[in-house]
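Novice: Could you have a look at this structure, given as structure tokens, before my questions?
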Amino acid sequence: MATNSKYILGDGGYPNLNWLIVPYKDIGRGLTHQQTYFNLKHSQTRIKVEQAFGLLKGRWRCLLHTLEVSCEIVSHIITTCCILHNICEERCDFLPPEDQYNDTGADVNGEANTNETLEGNVIRNTICDFLWNQRNVNMRN
């Protein structure tokens with residue numbers, strides 16, 4: 001695994017790929033302690049990202065739909081929305097809870113996705129091992 005690699009975290013409905021990291025699925029064999037810990041950390045991280053995008057979607061409704069522009073332009077639009085959102089927050093123009101967007105879509109769990117890649121699984125296992133080792137180091141200190 002390259003040290004400067006970047007990954008997108010996806011839910012269990014997606015395949016694990018070399019750029020899209022999803023949680024381990026329990027397909028009847030049970031998960032190891034390391035895999036369970038990885039899934040916890042994966043979930044905690046994804047929740048924070050989803051909450052952030054929920055705030056952006058609540059304030060900037062254009063983000064609720066597919067943006068019919070190039071990927072490069074999409075990144076500029078999202079960056080601009082983040083900057084404007086931060087300006088609003090700095091000026092105490094907070095988004096009321098009832099205006100915050102909450103995605104009610106459920107994760108797909110249970111069945112193994114056959115489109116996973118070996119490289120994606122190696123990357124996920126490497127990240128899993130790293131997180132587990134860090135956990136153990138932190139517990140000793």
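Residues in the structure tokens are numbered from 1 in each chain, the chains being A, B, ... in the order shown, and ligands are numbered from 1 in the order shown.
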What's the 9 Å shell around Gln35 of chain A, counting only C-alpha atoms, without same-chain residues fewer than 6 positions away, as a list in words?

Specialist: Pro23, Tyr24, Asn125, Cys128, Asp129 and Trp132 of chain A

Novice: Next, the residues of the selection above should be written as a PDB file, in the first residue's frame with C-alpha atoms.

Specialist:
```pdb
ATOM      1  CA  PRO A  23     -16.402  -2.785   5.495  1.00  0.00           C
ATOM      2  CA  TYR A  24     -15.827  -6.487   5.914  1.00  0.00           C
ATOM      3  CA  ASN A 125      -6.319  -5.913   5.019  1.00  0.00           C
ATOM      4  CA  CYS A 128      -7.017  -3.225   9.008  1.00  0.00           C
ATOM      5  CA  ASP A 129      -3.668  -4.508  10.307  1.00  0.00           C
ATOM      6  CA  TRP A 132      -5.270  -2.958  14.895  1.00  0.00           C
TER       7      TRP A 132
END
```

Novice: Could you write out, as a VMD selection string, all the residues of chain A that DSSP marks as helix (DSSP H, G or I)?

Specialist: chain A and resid 33 to 59 61 to 64 71 to 90 97 to 99 118 to 140

Novice: Counting only C-alpha atoms, which residue out of A:Glu50, A:Glu68, A:Asp26, A:Asp11 sits closest to Tyr101 of chain A?

Specialist: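 Closest to Tyr101 of chain A of all the choices is A:Glu50.
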
Novice: Which of these, A:Val69, A:Ala52, A:Val122, A:Cys62, has the shortest distance to Gln100 of chain A once you count only C-alpha atoms?

Specialist: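 When distances to Gln100 of chain A are compared using only C-alpha atoms, the smallest one comes from A:Ala52.
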
Novice: What separation in Å, quoted to one decimal, exists between atom CA of Gly30 of chain A and atom CA of Tyr7 of chain A?

Specialist: 25.5 Å

Novice: Quick one: of A:Asn136, A:Thr45, A:Gly120, A:Leu55, who's nearest to Asn86 of chain A, counting only C-alpha atoms?

Specialist: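 Distance minimum relative to Asn86 of chain A lands on A:Leu55.
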
Novice: Check the smallest atom-to-atom distance from each of A:Arg124, A:His65, A:Arg46, A:Arg59 to Pro97 of chain A using only C-alpha atoms, then report the winner.

Specialist: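 Among A:Arg124, A:His65, A:Arg46, A:Arg59, it is A:Arg59 that comes nearest to Pro97 of chain A.
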
Novice: Taking the DSSP secondary structure from the backbone, can you list the residues of chain A that are strand (DSSP E), as a VMD selection string?

Specialist: chain A and resid 8 to 9 20 to 21

Novice: Can I get the selected residues back with all heavy atoms, as a compact mmCIF listing (two decimals), in the first residue's frame?

Specialist:
```
# COMPACT_ATOMS: atom_id res chain seq x y z
N ILE A 8 -11.73 6.16 -1.13
CA ILE A 8 -13.09 6.54 -0.82
C ILE A 8 -13.67 5.44 0.05
O ILE A 8 -13.46 4.25 -0.22
CB ILE A 8 -13.92 6.73 -2.11
CG1 ILE A 8 -13.38 7.92 -2.90
CG2 ILE A 8 -15.40 6.91 -1.78
CD1 ILE A 8 -14.05 8.12 -4.24
N LEU A 9 -14.38 5.81 1.10
CA LEU A 9 -15.04 4.83 1.95
C LEU A 9 -16.46 4.64 1.45
O LEU A 9 -17.20 5.61 1.29
CB LEU A 9 -15.06 5.30 3.41
CG LEU A 9 -13.71 5.53 4.06
CD1 LEU A 9 -13.89 5.98 5.50
CD2 LEU A 9 -12.83 4.30 3.98
N LEU A 20 -11.87 2.11 -3.55
CA LEU A 20 -13.12 2.17 -2.79
C LEU A 20 -13.07 1.10 -1.71
O LEU A 20 -13.09 -0.09 -2.00
CB LEU A 20 -14.32 1.93 -3.71
CG LEU A 20 -15.69 1.87 -3.05
CD1 LEU A 20 -16.05 3.23 -2.46
CD2 LEU A 20 -16.74 1.44 -4.06
N ILE A 21 -12.96 1.53 -0.46
CA ILE A 21 -12.79 0.60 0.65
C ILE A 21 -14.12 0.47 1.39
O ILE A 21 -14.70 1.47 1.83
CB ILE A 21 -11.68 1.08 1.61
CG1 ILE A 21 -10.37 1.32 0.85
CG2 ILE A 21 -11.50 0.10 2.76
CD1 ILE A 21 -9.81 0.10 0.15
```
